[in-house]
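Student: Contents of data20.txt (compact mmCIF, C-alpha atoms):
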# COMPACT_ATOMS: atom_id res chain seq x y z
CA ASP D 1 90.42 50.88 -132.67
CA GLU D 2 92.89 51.98 -130.03
CA VAL D 3 92.82 50.02 -126.78
CA GLU D 4 94.65 50.80 -123.55
CA LEU D 5 96.59 47.94 -122.00
CA THR D 6 97.48 47.87 -118.32
CA CYS D 7 100.86 46.20 -117.80
CA ASP D 8 99.91 44.20 -114.74
CA GLY D 9 100.74 40.76 -116.17
CA LYS D 10 97.08 39.70 -115.93
CA THR D 11 94.91 41.91 -118.12
CA HIS D 12 94.86 40.99 -121.79
CA VAL D 13 93.37 42.77 -124.79
CA ARG D 14 92.64 41.91 -128.39
CA VAL D 15 95.06 43.40 -130.91
CA ASN D 16 94.08 43.28 -134.57
CA HIS D 17 97.08 44.94 -136.21
CA GLN D 18 99.35 47.01 -133.98
CA ILE D 19 100.26 48.01 -130.46
CA LYS D 20 101.68 51.42 -129.62
CA LEU D 21 103.95 51.48 -126.56
CA THR D 22 105.15 54.66 -124.91
CA PHE D 23 107.88 54.57 -122.27
CA ASP D 24 108.15 57.54 -119.95
CA ALA D 25 111.70 56.79 -118.75
CA SER D 26 113.27 56.57 -122.24
CA ASP D 27 110.85 59.01 -123.93
CA PHE D 28 110.50 56.46 -126.78
CA THR D 29 107.37 55.27 -128.56
CA TRP D 30 107.46 51.85 -130.22
CA LEU D 31 105.04 50.09 -132.55
CA ILE D 32 104.52 46.32 -132.44
CA PHE D 33 102.73 44.73 -135.38
CA VAL D 34 101.00 41.36 -135.30
CA SER D 35 100.49 39.24 -138.42
CA GLN D 36 97.03 38.17 -137.28
CA PRO D 37 94.64 39.17 -134.48
CA ALA D 38 95.79 38.04 -131.05
CA TYR D 39 95.18 38.52 -127.35
CA VAL D 40 98.20 40.04 -125.62
CA LYS D 41 99.23 41.06 -122.14
CA CYS D 42 102.24 42.90 -120.81
CA SER D 43 104.20 43.00 -117.60
CA GLN D 44 107.14 44.86 -116.19
CA LYS D 45 109.48 44.19 -113.33
CA GLU D 46 112.25 46.31 -111.83
CA GLU D 47 115.56 44.44 -111.86
CA GLY D 48 118.05 46.67 -110.12
CA GLY D 49 118.79 50.35 -110.63
CA TRP D 50 117.22 53.02 -112.78
CA GLY D 51 116.63 51.98 -116.37
CA SER D 52 116.89 48.26 -115.70
CA ALA D 53 113.20 47.37 -115.78
CA LYS D 54 112.26 44.25 -117.70
CA PHE D 55 109.29 44.77 -120.00
CA VAL D 56 107.49 41.85 -121.66
CA VAL D 57 104.69 41.71 -124.23
CA GLN D 58 103.24 38.22 -124.38
CA VAL D 59 100.73 36.63 -126.75
CA VAL D 60 98.10 34.87 -124.64
CA ASP D 61 96.14 33.37 -127.51
CA LEU D 62 95.39 33.80 -131.20
CA VAL D 63 91.90 34.91 -132.24
CA ASN D 64 91.82 32.48 -135.19
CA LYS D 65 93.60 29.21 -134.56
CA ASN D 66 93.98 28.02 -138.15
CA VAL D 67 96.50 25.22 -138.42
CA GLY D 68 99.44 26.19 -140.58
CA ASP D 69 99.19 29.95 -140.10
CA THR D 70 102.46 31.46 -138.91
CA PHE D 71 102.19 34.16 -136.27
CA THR D 72 104.76 36.94 -136.41
CA MET D 73 105.38 40.05 -134.32
CA ARG D 74 107.53 42.94 -135.59
CA GLN D 75 108.60 46.06 -133.78
CA ALA D 76 109.82 49.49 -134.82
CA VAL D 77 110.79 52.70 -133.07
CA LEU D 78 108.30 55.43 -133.95
CA ASP D 79 109.45 58.40 -131.86
CA THR D 80 112.60 58.97 -129.79
CA CYS D 81 111.31 62.21 -128.26
CA THR D 82 107.68 61.52 -127.35
CA PHE D 83 107.40 63.94 -124.41
CA GLY D 84 110.41 66.15 -125.13
CA HIS D 85 112.61 65.15 -122.18
CA ASN D 86 115.22 62.85 -123.74
CA ALA D 87 118.39 64.94 -123.66
CA ILE D 88 120.07 62.83 -126.35
CA TYR D 89 117.31 62.62 -128.98
CA CYS D 90 115.21 65.74 -128.48
CA ASN D 91 117.71 68.20 -129.98
CA GLU D 92 116.36 67.48 -133.46
CA ARG D 93 112.82 66.22 -132.88
CA ALA D 94 110.80 65.26 -135.93
CA SER D 95 107.60 67.21 -136.55
CA ASP D 96 104.26 65.70 -135.54
CA HIS D 97 103.40 65.45 -139.24
CA ALA D 98 106.63 63.53 -139.99
CA ILE D 99 105.88 61.10 -137.17
CA GLU D 100 102.32 60.59 -138.47
CA VAL D 101 103.71 59.88 -141.95
CA LEU D 102 106.26 57.44 -140.52
CA GLU D 103 103.57 55.65 -138.51
CA GLY D 104 101.44 55.28 -141.64
CA MET D 105 104.37 53.96 -143.66
CA LEU D 106 105.35 51.45 -140.95
CA SER D 107 101.74 50.32 -140.55
CA ASP D 108 101.14 50.01 -144.30
CA ASN D 109 104.29 47.90 -144.71
CA ALA D 110 104.08 45.89 -141.49
CA HIS D 111 103.67 42.68 -143.49
CA MET D 112 107.22 43.01 -144.89
CA TYR D 113 110.29 41.71 -143.08
CA PRO D 114 114.02 41.20 -143.84
CA GLY D 115 114.75 37.84 -145.42
CA PRO D 116 117.57 35.38 -144.74
CA ASP D 117 119.79 36.85 -147.47
CA THR D 118 119.82 40.36 -146.03
CA ASP D 119 123.10 42.06 -146.94
CA ILE D 120 124.86 45.31 -146.08
CA GLN D 121 127.73 46.64 -148.19
CA TYR D 122 129.79 49.76 -147.66
CA SER D 123 132.54 51.64 -149.42
CA VAL D 124 134.58 54.65 -148.42
CA HIS D 125 135.74 57.29 -150.90
CA ASN D 126 138.46 59.08 -148.92
CA GLU D 127 139.24 61.65 -151.57
CA GLU D 128 135.63 62.84 -151.53
CA HIS D 129 135.12 62.34 -147.78
CA VAL D 130 132.11 60.16 -148.56
CA ALA D 131 130.98 56.77 -147.29
CA GLU D 132 128.34 54.79 -149.14
CA ILE D 133 126.17 52.16 -147.45
CA THR D 134 123.94 49.84 -149.48
CA TYR D 135 121.23 47.75 -147.80
CA ASP D 136 119.62 44.75 -149.45
CA TRP D 137 116.86 43.65 -147.09
CA ASP D 138 115.86 40.60 -149.18
CA ALA D 139 112.33 41.73 -148.29
CA ARG D 140 109.76 39.00 -147.68
CA ASP D 141 106.00 39.18 -147.26
CA MET D 142 104.49 37.45 -144.23
CA THR D 143 100.90 37.56 -145.50
Could you show the structure in this file as structure tokens?

Tutor:
Amino acid sequence: DEVELTCDGKTHVRVNHQIKLTFDASDFTWLIFVSQPAYVKCSQKEEGGWGSAKFVVQVVDLVNKNVGDTFTMRQAVLDTCTFGHNAIYCNERASDHAIEVLEGMLSDNAHMYPGPDTDIQYSVHNEEHVAEITYDWDARDMT
């Protein structure tokens, strides 16, 4: 149930699970996930030179106002070369299939988030010219 949202600061729409945002200037597509259905609006305002626009997504109201329910929004970059004109990221653009798979994975796991004990460790093995990075996200479930 895809809905188009006009970023005029007034119009709001109901979002049940996710919002897909595409930005022409950066060529990026982002996903925003909501933990429960909500009404949202967006606005943008130029604040100086090129690339300095302020973009805001705001929750206007929750669909179900159950006391005690925590509302959470998460965001993730989906595509860094949406239209093919980002000189930095479009050299090695992912296939449409890979982006579809990534979107499905992000959507299916949108209820997970990094916990307070998130940890990153790294080690460098100079003799092998290898660096190893280990992430422990202390994953939590917001459902």

Student: Using all atoms listed in the file, which of the listed residues (D:Thr80, D:Ser123, D:Asn109, D:Ser35) sits closest to D:Leu62?

Tutor: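 Selected residue with least distance to D:Leu62: D:Ser35.
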
Student: Here is a test: counting only C-alpha atoms, which residue of D:Ile99, D:Val130, D:Leu5, D:Leu21 is nearest to D:Tyr39?

Tutor: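 Among the listed residues, the smallest separation from D:Tyr39 belongs to D:Leu5.
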
Student: Let me make sure I understand: among D:Gly84, D:Gly104, D:Gly115, D:Pro37, which one has the smallest atom-to-atom distance to D:Arg14 if we use all atoms listed in the file?

Tutor: D:Pro37

Student: With distances taken over only C-alpha atoms, which of D:Asn64, D:Asn126, D:Thr143, D:Asn86 is nearest to D:Met112?

Tutor: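 Closest residue, counting only C-alpha atoms: D:Thr143.
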
Student: What is the distance between atom CA of D:Asp141 and atom CA of D:Val13, in Å to one decimal?

Tutor: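 We find that atom CA of D:Asp141 and atom CA of D:Val13 lie 26.0 Å from each other.
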
Student: Separation of atom CA of D:Val63 and atom CA of D:Asp8, in Å?

Tutor: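 Taking atom CA of D:Val63 as the start and atom CA of D:Asp8 as the end point, the length is 21.4 Å.
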
Student: Any idea what's packed within 12 Å of D:Met105, counting only C-alpha atoms, ignoring anything in its chain fewer than 6 positions away? Could you give it as a PyMOL selection string?

Tutor: chain D and resi 31+76+78+98-99+111-112

Student: Save out the residues we just selected, C-alpha atoms, as a PDB file, in the frame of the given file.

Tutor:
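Done, and the output landed in result.pdb:
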ATOM      1  CA  LEU D  31     105.040  50.090-132.550  1.00  0.00           C
ATOM      2  CA  ALA D  76     109.820  49.490-134.820  1.00  0.00           C
ATOM      3  CA  LEU D  78     108.300  55.430-133.950  1.00  0.00           C
ATOM      4  CA  ALA D  98     106.630  63.530-139.990  1.00  0.00           C
ATOM      5  CA  ILE D  99     105.880  61.100-137.170  1.00  0.00           C
ATOM      6  CA  HIS D 111     103.670  42.680-143.490  1.00  0.00           C
ATOM      7  CA  MET D 112     107.220  43.010-144.890  1.00  0.00           C
TER       8      MET D 112
END

Student: So the first atom is atom CA of D:Val57 and the second is atom CA of D:Ala110; what is the distance between them in Å, to one decimal place?

Tutor: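 Taking atom CA of D:Val57 and atom CA of D:Ala110, their separation equals 17.8 Å.
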
Student: Within 6 Å of (100.1, 41.3, -134.9) (file coordinates; only C-alpha atoms), which protein or nucleic acid residues are there? I'd like them as a list in words.

Tutor: His17, Gln18, Phe33, Val34, Ser35, Gln36, Pro37 and Met73 of chain D

Student: Let me make sure I understand: among D:Glu46, D:Glu4, D:Asp27, D:Glu128, which one has the smallest atom-to-atom distance to D:Cys81 if we use all atoms listed in the file?

Tutor: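 Among the listed residues, the smallest separation from D:Cys81 belongs to D:Asp27.
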